[in-house]
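query13.cif (mmCIF, C-alpha atoms)
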```cif
data_query
loop_
_atom_site.label_atom_id
_atom_site.label_comp_id
_atom_site.auth_asym_id
_atom_site.auth_seq_id
_atom_site.Cartn_x
_atom_site.Cartn_y
_atom_site.Cartn_z
CA MET A 1 242.60 8.87 28.27
CA ASN A 2 240.26 6.19 27.03
CA GLN A 3 237.57 6.81 24.52
CA LEU A 4 233.90 6.00 24.81
CA MET A 5 232.26 3.71 22.28
CA GLU A 6 228.71 2.59 21.83
CA LEU A 7 227.73 0.00 24.40
CA GLY A 8 224.70 -2.15 24.96
CA LEU A 9 222.76 -1.64 28.16
CA THR A 10 222.16 -4.59 30.42
CA HIS A 11 219.66 -4.81 33.24
CA SER A 12 221.20 -4.99 36.68
CA PRO A 13 218.96 -6.60 39.34
CA ARG A 14 221.40 -5.95 42.19
CA PRO A 15 221.11 -3.20 44.84
CA VAL A 16 222.41 0.15 43.68
CA TRP A 17 225.28 0.21 46.17
CA GLU A 18 226.62 -3.23 45.24
CA PRO A 19 229.53 -3.29 42.76
CA ALA A 20 228.76 -4.64 39.32
CA PHE A 21 231.77 -6.92 39.45
CA ALA A 22 233.08 -8.92 42.37
CA ASP A 23 236.64 -7.81 41.73
CA ASN A 24 238.42 -5.23 39.62
CA SER A 25 237.69 -7.12 36.40
CA TRP A 26 235.13 -4.44 35.53
CA ARG A 27 237.96 -1.96 35.06
CA SER A 28 239.76 -4.04 32.46
CA GLN A 29 236.46 -4.80 30.73
CA ALA A 30 235.54 -1.13 30.69
CA ARG A 31 238.95 -0.14 29.39
CA SER A 32 238.67 -2.55 26.50
CA LEU A 33 235.16 -1.34 25.71
CA TYR A 34 236.17 2.28 25.81
CA SER A 35 239.31 2.16 23.76
CA SER A 36 238.57 1.48 20.11
CA THR A 37 236.47 4.25 18.64
CA ALA A 38 237.17 7.39 16.69
CA SER A 39 234.68 9.36 18.77
CA THR A 40 235.91 12.73 19.99
CA GLU A 41 233.88 12.37 23.17
CA THR A 42 235.94 10.75 25.85
CA ILE A 43 235.89 9.90 29.51
CA ASP A 44 238.91 9.15 31.63
CA LEU A 45 238.59 5.77 33.36
CA SER A 46 242.04 5.78 34.83
CA GLY A 47 242.74 5.60 38.55
CA ASP A 48 239.90 5.15 40.98
CA THR A 49 236.92 5.65 38.71
CA ALA A 50 233.74 4.64 40.54
CA ILE A 51 231.76 1.78 39.04
CA TRP A 52 228.62 3.86 38.79
CA VAL A 53 230.38 6.16 36.34
CA VAL A 54 230.94 3.28 33.92
CA GLU A 55 227.33 2.20 34.20
CA ALA A 56 226.07 5.75 33.71
CA ALA A 57 228.27 6.13 30.61
CA GLN A 58 226.82 2.91 29.21
CA LYS A 59 223.32 4.23 29.75
CA LEU A 60 224.25 7.48 28.03
CA GLU A 61 225.44 5.60 24.97
CA THR A 62 222.16 3.72 24.83
CA LEU A 63 220.25 7.01 24.88
CA GLY A 64 222.35 8.19 21.96
CA ARG A 65 220.71 5.62 19.72
CA LEU A 66 217.20 6.99 20.13
CA GLN A 67 215.69 8.69 17.11
CA VAL A 68 213.28 11.59 16.69
CA ASP A 69 209.90 10.87 18.30
CA TRP A 70 211.39 8.28 20.62
CA ASP A 71 208.75 9.16 23.23
CA SER A 72 205.84 9.28 20.74
CA TYR A 73 205.40 12.96 21.59
CA GLY A 74 208.02 14.36 19.22
CA GLY A 75 211.02 13.92 21.51
CA LEU A 76 214.36 15.01 20.05
CA PRO A 77 217.49 12.83 19.89
CA LEU A 78 220.34 13.29 22.33
CA ARG A 79 221.99 16.65 21.68
CA PRO A 80 225.76 16.44 21.16
CA GLY A 81 226.29 19.28 23.62
CA ALA A 82 224.23 17.55 26.28
CA LYS A 83 226.21 14.37 25.76
CA ARG A 84 229.50 16.24 26.06
CA LEU A 85 228.37 17.98 29.23
CA THR A 86 227.18 14.67 30.71
CA LEU A 87 230.56 13.07 30.04
CA ARG A 88 232.28 16.03 31.67
CA VAL A 89 230.04 15.69 34.70
CA LEU A 90 230.82 11.98 34.94
CA GLU A 91 234.49 12.81 34.80
CA TRP A 92 234.20 15.48 37.50
CA LEU A 93 232.42 13.03 39.78
CA ARG A 94 234.25 9.89 38.75
CA LYS A 95 235.94 9.31 42.10
CA ASP A 96 232.88 9.99 44.22
CA GLU A 97 231.02 7.08 45.77
CA LEU A 98 227.44 7.49 44.65
CA PRO A 99 224.55 5.20 43.74
CA VAL A 100 224.10 4.41 40.06
CA PRO A 101 221.91 7.23 38.78
CA ALA A 102 218.99 6.96 36.45
CA VAL A 103 220.15 8.51 33.16
CA VAL A 104 217.13 9.84 31.33
CA LEU A 105 216.77 11.52 27.96
CA GLY A 106 214.57 14.59 27.95
CA PRO A 107 212.13 15.61 25.23
CA ALA A 108 214.47 18.41 24.08
CA GLY A 109 217.48 16.07 23.80
CA THR A 110 218.96 16.99 27.15
CA VAL A 111 220.01 14.52 29.84
CA GLN A 112 218.88 14.18 33.41
CA LEU A 113 220.77 12.32 36.12
CA GLU A 114 218.59 11.18 38.98
CA TRP A 115 219.80 9.84 42.31
CA ARG A 116 217.99 8.58 45.38
CA ALA A 117 219.87 7.99 48.62
CA LYS A 118 219.25 8.37 52.35
CA GLY A 119 215.64 9.32 51.70
CA LYS A 120 216.74 12.18 49.45
CA GLU A 121 216.23 12.71 45.75
CA LEU A 122 218.47 14.70 43.44
CA GLU A 123 217.71 15.45 39.81
CA VAL A 124 220.21 17.30 37.64
CA GLU A 125 219.33 18.28 34.09
CA LEU A 126 222.33 18.73 31.82
CA ARG A 127 221.60 21.03 28.93
CA ASP A 128 223.57 21.62 25.80
CA ASN A 129 224.32 25.24 26.65
CA GLU A 130 226.60 24.62 29.61
CA THR A 131 223.74 25.01 32.03
CA ILE A 132 222.44 22.70 34.70
CA GLU A 133 219.13 22.78 36.50
CA TYR A 134 218.61 20.81 39.67
CA VAL A 135 215.92 19.72 42.07
CA LYS A 136 216.67 18.55 45.60
CA VAL A 137 214.00 16.76 47.60
CA SER A 138 214.74 16.26 51.29
CA PRO A 139 213.48 13.27 53.31
CA THR A 140 210.76 15.53 54.71
CA GLY A 141 209.58 16.45 51.21
CA GLU A 142 211.08 19.91 51.13
CA ILE A 143 211.92 20.88 47.55
CA GLU A 144 214.72 23.16 46.43
CA GLU A 145 215.23 24.06 42.78
CA GLY A 146 218.03 25.97 41.15
CA GLU A 147 220.17 26.61 38.11
CA ALA A 148 223.89 27.01 37.59
CA THR A 149 225.66 28.43 34.58
CA SER A 150 229.22 28.68 35.87
CA ASP A 151 231.59 26.75 38.09
CA LEU A 152 229.55 23.66 37.31
CA SER A 153 232.08 21.22 38.75
CA ARG A 154 231.91 22.81 42.19
CA LYS A 155 228.12 22.98 42.05
CA LEU A 156 227.86 19.30 41.09
CA HIS A 157 230.10 18.35 44.00
CA ASP A 158 228.01 20.47 46.36
CA LEU A 159 224.85 18.72 45.20
CA THR A 160 226.23 15.20 45.42
CA ASN A 161 227.78 15.94 48.81
CA TRP A 162 224.33 16.97 50.01
CA LEU A 163 222.98 13.66 48.69
CA ARG A 164 225.64 11.54 50.33
CA HIS A 165 225.74 13.07 53.77
CA SER A 166 223.09 13.11 56.47
CA MET B 1 200.91 30.70 21.47
CA GLU B 2 200.42 31.16 25.15
CA CYS B 3 198.25 28.53 26.74
CA GLU B 4 195.32 29.38 28.94
CA ASP B 5 193.69 27.38 31.68
CA ASP B 6 190.51 25.66 30.53
CA PRO B 7 187.97 25.99 33.34
CA ASN B 8 185.91 23.20 31.78
CA ILE B 9 188.55 20.64 32.84
CA SER B 10 188.40 20.07 36.57
CA GLY B 11 191.40 19.36 38.76
CA ASP B 12 190.38 15.77 39.45
CA VAL B 13 190.00 14.67 35.85
CA VAL B 14 191.88 11.45 34.97
CA LEU B 15 194.60 11.84 32.35
CA PHE B 16 196.71 9.30 30.47
CA ARG B 17 200.31 9.77 29.42
CA ARG B 18 202.40 7.22 27.50
CA ILE B 19 205.74 6.19 28.99
CA PRO B 20 208.39 5.09 26.47
CA PRO B 21 210.07 1.70 26.95
CA TRP B 22 213.60 3.01 27.44
CA PRO B 23 215.78 2.39 30.48
CA ASP B 24 215.30 4.44 33.64
CA ARG B 25 211.99 6.02 32.65
CA VAL B 26 210.70 4.13 35.68
CA THR B 27 212.89 2.81 38.49
CA TRP B 28 211.90 0.65 41.44
CA ASP B 29 212.97 1.20 45.01
CA ALA B 30 213.86 -1.45 47.60
CA ASN B 31 210.19 -1.66 48.62
CA GLY B 32 209.07 -2.37 45.07
CA GLN B 33 207.58 1.06 44.62
CA PRO B 34 207.89 2.65 41.18
CA HIS B 35 209.49 6.05 40.72
CA PHE B 36 208.72 7.83 37.49
CA SER B 37 211.31 10.17 36.07
CA SER B 38 210.01 13.72 35.92
CA PHE B 39 211.18 13.72 32.30
CA ASN B 40 208.20 11.49 31.52
CA PHE B 41 206.03 14.49 32.11
CA LYS B 42 207.67 17.08 29.91
CA ASP B 43 207.43 17.82 26.23
CA LYS B 44 210.07 19.67 24.27
CA GLU B 45 208.05 22.89 24.14
CA ASN B 46 207.65 22.87 27.91
CA GLU B 47 204.08 21.72 27.51
CA LEU B 48 202.53 18.33 28.12
CA SER B 49 200.34 16.25 25.82
CA VAL B 50 197.90 13.97 27.61
CA HIS B 51 194.73 12.06 26.85
CA LEU B 52 191.48 12.60 28.70
CA ALA B 53 190.58 9.20 30.13
CA SER B 54 186.90 9.97 29.64
CA GLU B 55 187.40 10.26 25.89
CA THR B 56 189.56 7.21 25.20
CA THR B 57 190.77 3.90 26.59
CA PRO B 58 194.20 2.61 27.63
CA ASP B 59 194.23 0.24 24.66
CA GLU B 60 193.51 3.10 22.29
CA VAL B 61 196.27 5.29 23.75
CA LEU B 62 198.77 2.46 23.45
CA ARG B 63 197.74 1.31 19.99
CA GLU B 64 200.78 1.04 17.66
CA HIS B 65 203.11 1.88 20.56
CA ASP B 66 204.51 -1.54 21.38
CA GLY B 67 206.29 -1.72 24.69
CA PHE B 68 205.06 1.64 25.95
CA GLY B 69 203.50 1.94 29.37
CA LEU B 70 200.73 4.17 30.63
CA VAL B 71 200.51 6.48 33.62
#
```
Give the structure from the file, written as structure tokens.
Amino acid sequence: MNQLMELGLTHSPRPVWEPAFADNSWRSQARSLYSSTASTETIDLSGDTAIWVVEAAQKLETLGRLQVDWDSYGGLPLRPGAKRLTLRVLEWLRKDELPVPAVVLGPAGTVQLEWRAKGKELEVELRDNETIEYVKVSPTGEIEEGEATSDLSRKLHDLTNWLRHS
Amino acid sequence: MECEDDPNISGDVVLFRRIPPWPDRVTWDANGQPHFSSFNFKDKENELSVHLASETTPDEVLREHDGFGLV
């Protein structure tokens, strides 16, 4: 188990499906970045962790530096519970091939992961009370909203499977 | 306090909302079209603060908010 440390966010101009590194060097870089902190929040990068998971974790760390009123409308900092849940979600999905999601801090300190693929959109809000809310938008514009409070891993896989498959 | 609809504000009124300069608030698709995160349009009390365009200017809304954008 490797531990997550604070990382800087870099802009990536490449297409979302293209790997960040031409070879597996990203894995050794990520391991070194994730291995020297006393943080209790961890993410397992062993095995076949997808590259998007590393990038999403980097974005999450960047969000953790924002202070109260970061949005000029009184937005709250990242809630520890929301960060923990986000890391768990990344770990549940870490072997799935997905686009790099937008990782967005909400005004209440929660986190939203946002994907677009195959003409579909998927937004998943990760709260600090072990609850997720989601919005699915089909290519025809049909919207489906829902909430899950249990068996979150299975629900997340159901949602991302919907995103990935035609 | 429960909010009530103000009938004096019509549905086609132009509103301004600041967008903070943090990553992924706005993403761009392959066609160069912007996509705004829905989280740009929520406040922590499940309300939304906006400016009436008729009562201000973009420069005024963005004053002392370096790097912010406007929708």
Compute the chain B side of the contact with chain A at 7 Å, counting only C-alpha atoms, and hand it back as a compact mmCIF listing (two decimals) with C-alpha atoms, in the coordinates of the input.
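Written out: out_26.txt:
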```
# COMPACT_ATOMS: atom_id res chain seq x y z
CA PRO B 20 208.39 5.09 26.47
CA ASP B 24 215.30 4.44 33.64
CA ARG B 25 211.99 6.02 32.65
CA PHE B 39 211.18 13.72 32.30
CA LYS B 42 207.67 17.08 29.91
CA ASP B 43 207.43 17.82 26.23
CA LYS B 44 210.07 19.67 24.27
```
| request: Please provide the set of residues having any atom within 6 Å of region 128-133 of chain A, restricted to all atoms listed in the file, with same-chain residues fewer than 3 positions apart removed, written as an MDAnalysis selection string. | output: chainID A and resid 81:82 124:125 146:149
| Test item: the PyMOL selection byres ((chain A and resi 117) around 10) resolved as a PyMOL selection string | chain A and resi 16-17+98-99+115-116+118-122+139+163-166
| remark: Shortest contact to Val100 (chain A), candidates B:Thr27, B:Asn46, B:Glu4, B:Leu15, atoms counted only C-alpha atoms, goes to B:Thr27
| What is the distance between CA of Thr42 (chain A) and CA of Trp22 (chain B), in Å to one decimal? |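 We find that CA of Thr42 (chain A) and CA of Trp22 (chain B) lie 23.7 Å from each other.
Closest to Arg17 (chain B) among B:Asn40, B:His65, B:Glu2, B:Pro34 is B:Asn40, based on only C-alpha atoms.
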| Got a sec to resolve the PyMOL selection byres ((chain A and resi 89) around 10) on this structure and send the residues as JSON, numbers by chain? | {"A": [43, 53, 83, 84, 85, 86, 87, 88, 90, 91, 92, 93, 94, 113, 126, 152, 153, 156, 157]}
Selection result for the PyMOL selection byres ((chain B and resi 18) around 6) on this file, as a short mmCIF file (atom, residue, chain, number, x, y, z; two decimals) with C-alpha atoms, in the frame of the given file:
```cif
data_model
loop_
_atom_site.label_atom_id
_atom_site.label_comp_id
_atom_site.auth_asym_id
_atom_site.auth_seq_id
_atom_site.Cartn_x
_atom_site.Cartn_y
_atom_site.Cartn_z
CA ARG B 17 200.31 9.77 29.42
CA ILE B 19 205.74 6.19 28.99
CA GLY B 69 203.50 1.94 29.37
CA LEU B 70 200.73 4.17 30.63
#
```
| remark: From CA of Ile9 (chain B) to CA of Phe41 (chain B) the spacing works out at 18.5 Å
| note | Here CA of Pro80 (chain A) and CA of Gly64 (chain A) stand apart by 9.0 Å
| query | Using all atoms listed in the file, which residue out of B:Val71, B:Ser38, B:Pro23, B:Glu45 lies closest to Cys3 (chain B)? | reply |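 Closest to Cys3 (chain B), using all atoms listed in the file: B:Glu45.
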What are the centre and the three edge lengths of an axis-aligned box that wraps all atoms of region 67-82 of chain A in the file, given that 6 Å is added to every side, written as AutoDock Vina command-line options and rounded to one decimal in Å?
```
--center_x 215.8 --center_y 13.8 --center_z 21.5 --size_x 32.9 --size_y 23.0 --size_z 21.6
```
